[in-house]
Amino acid sequence: SEDSSCIFSIRPKSNVMDYSRLPDALKIALVIGGGSYDMGNLRKVGITGDASLDGLRKGVGQEIGVILGFVIKLKGGCDPLSLREGLLDLDSRTNVSLLDRLSLASDVNQLVTRGLGFEQVMPKNVFDKSTEPDGKVFLIVNQAMQYWNKNHFVSDEVLSEAAEIAVVNGSGKEGLGREVAKQVETTGIRVVEIDKIDKTSGRCKMRGEIKKYPL
């Protein structure tokens, strides 16, 4: 939004809508387009193109350790009412389809009408400070984040399926399989195996419905 960045968890079946603000100093590595930036500059300067929006979605998701469905630029503040208005505003920059926008707007409206939509403040101990050579201080996520976000971003659909998957790291990047496993487990999926293959495919893969649960 214009004054801050946040992530929403929207679960209409459970009557839950939570949101958490991301610190401006949080350092994010863009998956598509490359480069690392702090959230404050990303919000103020902005990014262009659907590919960059998807890169931001993946970059924030990997940094926080959750799977994010979409990115939207809100004209107002970072709150449920602004999210509802942003979803209905066809001029809002986003990488979510029009049909999904209308569906999400309906869900958010119902939750707002019921007086739901609470801010969950991220504790300070989930971040460490990192000082760049030029003296600029960034925040980076530490291991405590995975314990804090474990129950904040579950998916009702995933929980009802009792899904189990295996994560196969074919990216050539050591440890990426574990990172992806932590991400998908926050949705309620149970990771039963983490493996890697010698032949590099450039990606870390899992079997599932990619359109329903994008990664």
# chains A, B, ... in the order shown; residues from 1 in each chain; ligands from 1
$ closest_atom_pairs --of "stretch 16-70 of chain A" --to "stretch 152-163 of chain A" --cutoff "9 Å" --atoms "only C-alpha atoms" --output "Markdown table"
| residue | atom | partner | partner_atom | distance |
| --- | --- | --- | --- | --- |
| A:Asp18 | CA | A:His152 | CA | 7.9 |
| A:Val66 | CA | A:Phe153 | CA | 7.2 |
| A:Ile67 | CA | A:Phe153 | CA | 8.3 |
$ residues_around --residues "stretch 191-196 of chain A" --least-positions-apart "2" --cutoff "6 Å" --atoms "only C-alpha atoms" --output "PyMOL selection string"
chain A and resi 164-170
$ residues_around --residues "A:Leu116" --least-positions-apart "3" --cutoff "10 Å" --atoms "only C-alpha atoms" --output "list in words"
Asn15, Val16, Met17, Asp18, Pro80, Val108, Asn109, Gln110, Leu111, Val112 and Thr113 of chain A
$ write_last_selection --atoms "all heavy atoms" --output "tab-separated table (two decimals), in the first residue's frame"
chain	number	residue	atom	x	y	z
A	15	ASN	N	-13.82	-18.37	8.90
A	15	ASN	CA	-14.08	-17.02	9.40
A	15	ASN	C	-12.82	-16.36	9.97
A	15	ASN	O	-12.83	-15.79	11.07
A	15	ASN	CB	-15.18	-17.03	10.47
A	15	ASN	CG	-16.55	-17.30	9.88
A	15	ASN	OD1	-16.86	-16.83	8.79
A	15	ASN	ND2	-17.36	-18.08	10.58
A	16	VAL	N	-11.74	-16.47	9.20
A	16	VAL	CA	-10.46	-15.92	9.63
A	16	VAL	C	-9.89	-15.01	8.54
A	16	VAL	O	-9.87	-15.38	7.36
A	16	VAL	CB	-9.44	-17.04	9.94
A	16	VAL	CG1	-8.06	-16.46	10.20
A	16	VAL	CG2	-9.91	-17.87	11.13
A	17	MET	N	-9.47	-13.83	8.93
A	17	MET	CA	-8.69	-12.96	8.04
A	17	MET	C	-7.69	-12.20	8.91
A	17	MET	O	-8.06	-11.34	9.70
A	17	MET	CB	-9.58	-11.98	7.27
A	17	MET	CG	-8.76	-11.02	6.38
A	17	MET	SD	-9.76	-10.11	5.17
A	17	MET	CE	-10.94	-9.27	6.23
A	18	ASP	N	-6.44	-12.56	8.78
A	18	ASP	CA	-5.36	-11.92	9.52
A	18	ASP	C	-4.42	-11.23	8.55
A	18	ASP	O	-4.34	-11.61	7.38
A	18	ASP	CB	-4.56	-12.95	10.32
A	18	ASP	CG	-5.40	-13.64	11.39
A	18	ASP	OD1	-6.35	-13.01	11.88
A	18	ASP	OD2	-5.08	-14.79	11.73
A	80	PRO	N	-7.89	-4.44	5.85
A	80	PRO	CA	-8.91	-5.20	5.12
A	80	PRO	C	-9.80	-4.36	4.22
A	80	PRO	O	-10.15	-4.78	3.11
A	80	PRO	CB	-9.72	-5.86	6.25
A	80	PRO	CG	-8.73	-6.02	7.36
A	80	PRO	CD	-7.88	-4.78	7.29
A	108	VAL	N	-13.55	-11.30	1.17
A	108	VAL	CA	-13.07	-10.25	2.07
A	108	VAL	C	-14.24	-9.40	2.57
A	108	VAL	O	-14.31	-9.05	3.76
A	108	VAL	CB	-12.03	-9.35	1.36
A	108	VAL	CG1	-11.68	-8.13	2.21
A	108	VAL	CG2	-10.77	-10.15	1.05
A	109	ASN	N	-15.18	-9.09	1.69
A	109	ASN	CA	-16.33	-8.29	2.08
A	109	ASN	C	-17.15	-8.98	3.17
A	109	ASN	O	-17.59	-8.34	4.13
A	109	ASN	CB	-17.21	-8.01	0.86
A	109	ASN	CG	-18.39	-7.11	1.20
A	109	ASN	OD1	-18.21	-5.96	1.61
A	109	ASN	ND2	-19.60	-7.62	1.04
A	110	GLN	N	-17.36	-10.28	3.02
A	110	GLN	CA	-18.12	-11.03	4.02
A	110	GLN	C	-17.41	-11.02	5.38
A	110	GLN	O	-18.05	-10.85	6.42
A	110	GLN	CB	-18.33	-12.47	3.55
A	110	GLN	CG	-19.28	-12.60	2.37
A	110	GLN	CD	-19.47	-14.05	1.95
A	110	GLN	OE1	-19.41	-14.95	2.77
A	110	GLN	NE2	-19.68	-14.27	0.66
A	111	LEU	N	-16.08	-11.18	5.34
A	111	LEU	CA	-15.31	-11.19	6.58
A	111	LEU	C	-15.29	-9.82	7.24
A	111	LEU	O	-15.40	-9.71	8.47
A	111	LEU	CB	-13.89	-11.69	6.30
A	111	LEU	CG	-13.78	-13.16	5.88
A	111	LEU	CD1	-12.40	-13.46	5.33
A	111	LEU	CD2	-14.10	-14.08	7.05
A	112	VAL	N	-15.16	-8.76	6.42
A	112	VAL	CA	-15.17	-7.40	6.95
A	112	VAL	C	-16.53	-7.07	7.56
A	112	VAL	O	-16.63	-6.47	8.63
A	112	VAL	CB	-14.82	-6.38	5.85
A	112	VAL	CG1	-15.10	-4.95	6.31
A	112	VAL	CG2	-13.35	-6.51	5.45
A	113	THR	N	-17.60	-7.50	6.89
A	113	THR	CA	-18.95	-7.26	7.38
A	113	THR	C	-19.18	-7.91	8.73
A	113	THR	O	-19.92	-7.38	9.58
A	113	THR	CB	-19.99	-7.79	6.37
A	113	THR	OG1	-19.79	-7.15	5.10
A	113	THR	CG2	-21.40	-7.50	6.83
$ closest_residue --among "A:Leu98, A:Leu68, A:Val137, A:Met145" --to "A:Val184" --atoms "only C-alpha atoms"
A:Leu68
$ select_by_dssp --residues "stretch 16-205 of chain A" --states "strand (DSSP E)" --output "ChimeraX atom specification"
/A:16-22,27-29,36-38,118-119,127-131,137-141,164-169,190-196,204-205
$ closest_residue --among "A:Leu56, A:Asp24, A:Gly188, A:Cys78" --to "A:Asn149" --atoms "only C-alpha atoms"
A:Gly188
$ closest_atom_pairs --of "stretch 69-146 of chain A" --to "stretch 59-65 of chain A" --cutoff "12 Å" --atoms "only C-alpha atoms" --output "Markdown table"
| residue | atom | partner | partner_atom | distance |
| --- | --- | --- | --- | --- |
| A:Gly69 | CA | A:Gly61 | CA | 9.2 |
| A:Phe70 | CA | A:Gly61 | CA | 10.2 |
| A:Val71 | CA | A:Val60 | CA | 10.0 |
| A:Met122 | CA | A:Ile64 | CA | 10.7 |
| A:Val126 | CA | A:Ile64 | CA | 9.6 |
| A:Phe127 | CA | A:Ile64 | CA | 10.2 |
| A:Leu139 | CA | A:Glu63 | CA | 10.9 |
| A:Ile140 | CA | A:Glu63 | CA | 8.1 |
| A:Val141 | CA | A:Glu63 | CA | 6.7 |
| A:Asn142 | CA | A:Ile64 | CA | 9.2 |
| A:Gln143 | CA | A:Gly65 | CA | 9.8 |
| A:Ala144 | CA | A:Ile64 | CA | 10.5 |
| A:Met145 | CA | A:Ile64 | CA | 7.0 |
| A:Gln146 | CA | A:Gly65 | CA | 6.6 |
$ residues_around --residues "stretch 82-87 of chain A" --least-positions-apart "3" --cutoff "10 Å" --atoms "only C-alpha atoms" --output "number ranges by chain"
A: 1, 8, 72-79, 90-94, 96, 98, 100-109, 112
$ write_last_selection --atoms "C-alpha atoms" --output "PDB file, in the first residue's frame"
ATOM      1  CA  SER A   1       0.000   0.000   0.000  1.00  0.00           C
ATOM      2  CA  PHE A   8      -2.942 -11.324   4.304  1.00  0.00           C
ATOM      3  CA  ILE A  72      -1.695  -6.230  -5.322  1.00  0.00           C
ATOM      4  CA  LYS A  73      -0.826  -2.538  -5.076  1.00  0.00           C
ATOM      5  CA  LEU A  74      -3.335  -0.761  -2.819  1.00  0.00           C
ATOM      6  CA  LYS A  75      -4.043   2.949  -3.090  1.00  0.00           C
ATOM      7  CA  GLY A  76      -5.075   3.324   0.538  1.00  0.00           C
ATOM      8  CA  GLY A  77      -3.616   1.851   3.685  1.00  0.00           C
ATOM      9  CA  CYS A  78      -2.670  -1.714   4.513  1.00  0.00           C
ATOM     10  CA  ASP A  79      -5.910  -2.995   6.031  1.00  0.00           C
ATOM     11  CA  LEU A  90      -9.804  -2.456 -12.029  1.00  0.00           C
ATOM     12  CA  ASP A  91      -6.917   0.038 -12.092  1.00  0.00           C
ATOM     13  CA  SER A  92      -5.116  -1.730  -9.244  1.00  0.00           C
ATOM     14  CA  ARG A  93      -1.849  -3.378 -10.313  1.00  0.00           C
ATOM     15  CA  THR A  94      -1.968  -7.086  -9.539  1.00  0.00           C
ATOM     16  CA  VAL A  96      -4.414 -12.141 -10.007  1.00  0.00           C
ATOM     17  CA  LEU A  98     -10.322 -10.764 -12.769  1.00  0.00           C
ATOM     18  CA  ASP A 100     -10.263 -14.540  -8.805  1.00  0.00           C
ATOM     19  CA  ARG A 101     -10.318 -10.865  -7.834  1.00  0.00           C
ATOM     20  CA  LEU A 102     -14.105 -10.838  -7.709  1.00  0.00           C
ATOM     21  CA  SER A 103     -14.179 -14.073  -5.716  1.00  0.00           C
ATOM     22  CA  LEU A 104     -11.595 -12.762  -3.243  1.00  0.00           C
ATOM     23  CA  ALA A 105     -13.383  -9.422  -2.949  1.00  0.00           C
ATOM     24  CA  SER A 106     -16.593 -11.259  -2.049  1.00  0.00           C
ATOM     25  CA  ASP A 107     -14.793 -13.316   0.610  1.00  0.00           C
ATOM     26  CA  VAL A 108     -13.072 -10.252   2.071  1.00  0.00           C
ATOM     27  CA  ASN A 109     -16.332  -8.287   2.081  1.00  0.00           C
ATOM     28  CA  VAL A 112     -15.169  -7.396   6.954  1.00  0.00           C
TER      29      VAL A 112
END
$ closest_residue --among "A:Cys6, A:Leu30, A:Val121, A:Ala181" --to "A:Lys58" --atoms "only C-alpha atoms"
A:Leu30
$ closest_residue --among "A:Ser14, A:Trp148, A:Phe138, A:Gly55" --to "A:Asn125" --atoms "only C-alpha atoms"
A:Trp148
$ select_by_dssp --residues "stretch 70-168 of chain A" --states "alpha helix (DSSP H)" --output "PyMOL selection string"
chain A and resi 80-88+98-113+144-148+156-161
